[in-house]
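The data block below is query.pdb; it holds PDB, C-alpha atoms.
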ATOM      1  CA  MET A   1      -4.018-147.288 -17.114  1.00  0.00           C
ATOM      2  CA  THR A   2      -1.582-149.193 -19.295  1.00  0.00           C
ATOM      3  CA  ALA A   3       1.217-147.490 -21.193  1.00  0.00           C
ATOM      4  CA  THR A   4      -0.560-148.359 -24.454  1.00  0.00           C
ATOM      5  CA  ALA A   5      -3.806-146.720 -23.300  1.00  0.00           C
ATOM      6  CA  ALA A   6      -1.916-143.645 -22.090  1.00  0.00           C
ATOM      7  CA  ARG A   7      -0.115-143.404 -25.440  1.00  0.00           C
ATOM      8  CA  GLU A   8      -3.431-143.393 -27.318  1.00  0.00           C
ATOM      9  CA  GLU A   9      -4.740-140.451 -25.250  1.00  0.00           C
ATOM     10  CA  THR A  10      -1.541-138.398 -25.110  1.00  0.00           C
ATOM     11  CA  GLU A  11       0.273-136.358 -27.740  1.00  0.00           C
ATOM     12  CA  VAL A  12       3.390-137.985 -29.192  1.00  0.00           C
ATOM     13  CA  TYR A  13       6.366-135.726 -29.876  1.00  0.00           C
ATOM     14  CA  ASP A  14       8.605-137.414 -32.444  1.00  0.00           C
ATOM     15  CA  LEU A  15      12.225-136.359 -31.909  1.00  0.00           C
ATOM     16  CA  ARG A  16      13.773-139.398 -33.567  1.00  0.00           C
ATOM     17  CA  GLY A  17      16.940-138.617 -35.487  1.00  0.00           C
ATOM     18  CA  LEU A  18      17.901-135.629 -33.311  1.00  0.00           C
ATOM     19  CA  LYS A  19      21.064-135.710 -31.226  1.00  0.00           C
ATOM     20  CA  CYS A  20      21.885-134.207 -27.837  1.00  0.00           C
ATOM     21  CA  PRO A  21      21.026-131.529 -26.769  1.00  0.00           C
ATOM     22  CA  LEU A  22      18.102-131.089 -29.197  1.00  0.00           C
ATOM     23  CA  PRO A  23      15.695-133.666 -27.681  1.00  0.00           C
ATOM     24  CA  VAL A  24      15.795-131.945 -24.277  1.00  0.00           C
ATOM     25  CA  MET A  25      15.694-128.435 -25.737  1.00  0.00           C
ATOM     26  CA  LYS A  26      12.695-129.218 -27.931  1.00  0.00           C
ATOM     27  CA  THR A  27      10.918-131.094 -25.127  1.00  0.00           C
ATOM     28  CA  ARG A  28      11.388-128.124 -22.793  1.00  0.00           C
ATOM     29  CA  LYS A  29       9.980-125.760 -25.409  1.00  0.00           C
ATOM     30  CA  ARG A  30       6.974-128.004 -26.160  1.00  0.00           C
ATOM     31  CA  LEU A  31       6.149-128.465 -22.464  1.00  0.00           C
ATOM     32  CA  SER A  32       6.276-124.693 -21.943  1.00  0.00           C
ATOM     33  CA  THR A  33       3.252-124.364 -24.263  1.00  0.00           C
ATOM     34  CA  MET A  34       1.213-127.071 -22.488  1.00  0.00           C
ATOM     35  CA  GLN A  35      -1.071-126.815 -19.467  1.00  0.00           C
ATOM     36  CA  ALA A  36       0.134-127.922 -16.046  1.00  0.00           C
ATOM     37  CA  GLY A  37      -0.556-131.615 -15.502  1.00  0.00           C
ATOM     38  CA  ALA A  38      -0.675-132.377 -19.237  1.00  0.00           C
ATOM     39  CA  SER A  39       1.249-135.400 -20.488  1.00  0.00           C
ATOM     40  CA  LEU A  40       3.532-135.783 -23.473  1.00  0.00           C
ATOM     41  CA  TRP A  41       5.115-138.869 -25.037  1.00  0.00           C
ATOM     42  CA  VAL A  42       8.629-138.112 -26.324  1.00  0.00           C
ATOM     43  CA  GLU A  43      10.186-140.530 -28.817  1.00  0.00           C
ATOM     44  CA  THR A  44      13.908-140.333 -29.494  1.00  0.00           C
ATOM     45  CA  THR A  45      16.743-142.320 -31.029  1.00  0.00           C
ATOM     46  CA  ASP A  46      19.451-140.380 -29.171  1.00  0.00           C
ATOM     47  CA  PRO A  47      21.266-142.900 -26.921  1.00  0.00           C
ATOM     48  CA  LEU A  48      22.008-140.151 -24.370  1.00  0.00           C
ATOM     49  CA  ALA A  49      18.291-139.437 -23.923  1.00  0.00           C
ATOM     50  CA  VAL A  50      18.072-142.169 -21.265  1.00  0.00           C
ATOM     51  CA  ILE A  51      20.298-139.930 -19.134  1.00  0.00           C
ATOM     52  CA  ASP A  52      19.254-136.491 -20.381  1.00  0.00           C
ATOM     53  CA  ILE A  53      15.453-136.762 -20.278  1.00  0.00           C
ATOM     54  CA  PRO A  54      15.219-138.060 -16.665  1.00  0.00           C
ATOM     55  CA  HIS A  55      17.736-135.398 -15.582  1.00  0.00           C
ATOM     56  CA  PHE A  56      15.762-132.676 -17.371  1.00  0.00           C
ATOM     57  CA  CYS A  57      12.521-133.820 -15.714  1.00  0.00           C
ATOM     58  CA  HIS A  58      14.134-133.836 -12.275  1.00  0.00           C
ATOM     59  CA  GLU A  59      15.731-130.416 -12.738  1.00  0.00           C
ATOM     60  CA  ASP A  60      12.583-128.750 -14.125  1.00  0.00           C
ATOM     61  CA  GLY A  61      10.147-130.472 -11.747  1.00  0.00           C
ATOM     62  CA  HIS A  62       8.269-132.559 -14.311  1.00  0.00           C
ATOM     63  CA  VAL A  63       7.266-136.166 -13.607  1.00  0.00           C
ATOM     64  CA  LEU A  64       8.772-138.920 -15.712  1.00  0.00           C
ATOM     65  CA  GLU A  65       5.863-141.372 -15.696  1.00  0.00           C
ATOM     66  CA  THR A  66       7.365-144.020 -17.981  1.00  0.00           C
ATOM     67  CA  SER A  67      10.619-144.745 -19.769  1.00  0.00           C
ATOM     68  CA  GLU A  68      10.483-147.512 -22.373  1.00  0.00           C
ATOM     69  CA  ARG A  69      13.088-149.037 -24.625  1.00  0.00           C
ATOM     70  CA  VAL A  70      11.716-149.513 -28.134  1.00  0.00           C
ATOM     71  CA  ASP A  71      13.271-150.994 -31.287  1.00  0.00           C
ATOM     72  CA  ALA A  72      14.381-147.640 -32.656  1.00  0.00           C
ATOM     73  CA  GLY A  73      15.371-145.962 -29.371  1.00  0.00           C
ATOM     74  CA  HIS A  74      13.423-144.783 -26.333  1.00  0.00           C
ATOM     75  CA  ARG A  75      10.010-143.437 -25.443  1.00  0.00           C
ATOM     76  CA  PHE A  76       9.285-141.285 -22.385  1.00  0.00           C
ATOM     77  CA  LEU A  77       5.976-140.237 -20.865  1.00  0.00           C
ATOM     78  CA  ILE A  78       6.371-136.867 -19.151  1.00  0.00           C
ATOM     79  CA  ARG A  79       3.724-135.096 -17.069  1.00  0.00           C
ATOM     80  CA  LYS A  80       4.222-131.342 -16.874  1.00  0.00           C
ATOM     81  CA  LYS A  81       4.648-129.977 -13.377  1.00  0.00           C
ATOM     82  CA  ALA A  82       1.567-128.489 -11.771  1.00  0.00           C
TER
END
C-alpha cells encoding of this file:
Amino acid sequence: MTATAAREETEVYDLRGLKCPLPVMKTRKRLSTMQAGASLWVETTDPLAVIDIPHFCHEDGHVLETSERVDAGHRFLIRKKA
C-alpha cells in the first residue's frame, strides 16, 4: 500500500502550529482512545517533531510506519501497539 492510499484510509490528526511538547502529548492522548493496531497520521510543523515523535513511538511501543517531510513540516504514520 502506498503512503497516499494509507493516508486516504487513516485518520489525520492535524497538530500544525503546536510546539514541543504538545504534538507528542496530544498524539499520546489520541492514541490512548484508539484500538490496538489502528493507524493515525500526525501532521506537525514543529521542527523538533522529527526527533520527538520517533522517540515517543519507541518509548511507548508504537510503530512508526512512515515519516515524511512535507512543505509545511512533517507527517508521521503511527500504528498503535497491539
**Study point:** Ground truth for the PyMOL selection byres ((chain A and resi 64) around 12), written as a ChimeraX atom specification
**Key:** /A:37,39-42,50,52-63,65-68,75-81
**Study point:** Between CA of Arg16 (chain A) and CA of Gly73 (chain A), distance in Å (one decimal)
**Key:**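 Separation of CA of Arg16 (chain A) and CA of Gly73 (chain A): 8.0 Å.
A straight line drawn from CA of Asp71 (chain A) to CA of Arg28 (chain A) is 24.5 Å long.
As for CA of Thr10 (chain A) and CA of Ala38 (chain A), they are spaced 8.5 Å apart.
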Practice item. Name the residues in contact with Lys26 (chain A) at a cut-off of 12 Å, using only C-alpha atoms, excluding same-chain residues fewer than 5 positions from it; report them as a PyMOL selection string. Key: chain A and resi 13-16+18-21+31-33+42-44+53+56
Check your understanding: Given the choices A:Gly17, A:Glu11, A:Val24, A:Met34, which gets closest to Ala82 (chain A) if the distance is worked out from only C-alpha atoms?
Key ->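 Closest to Ala82 (chain A) of all the choices is A:Met34.
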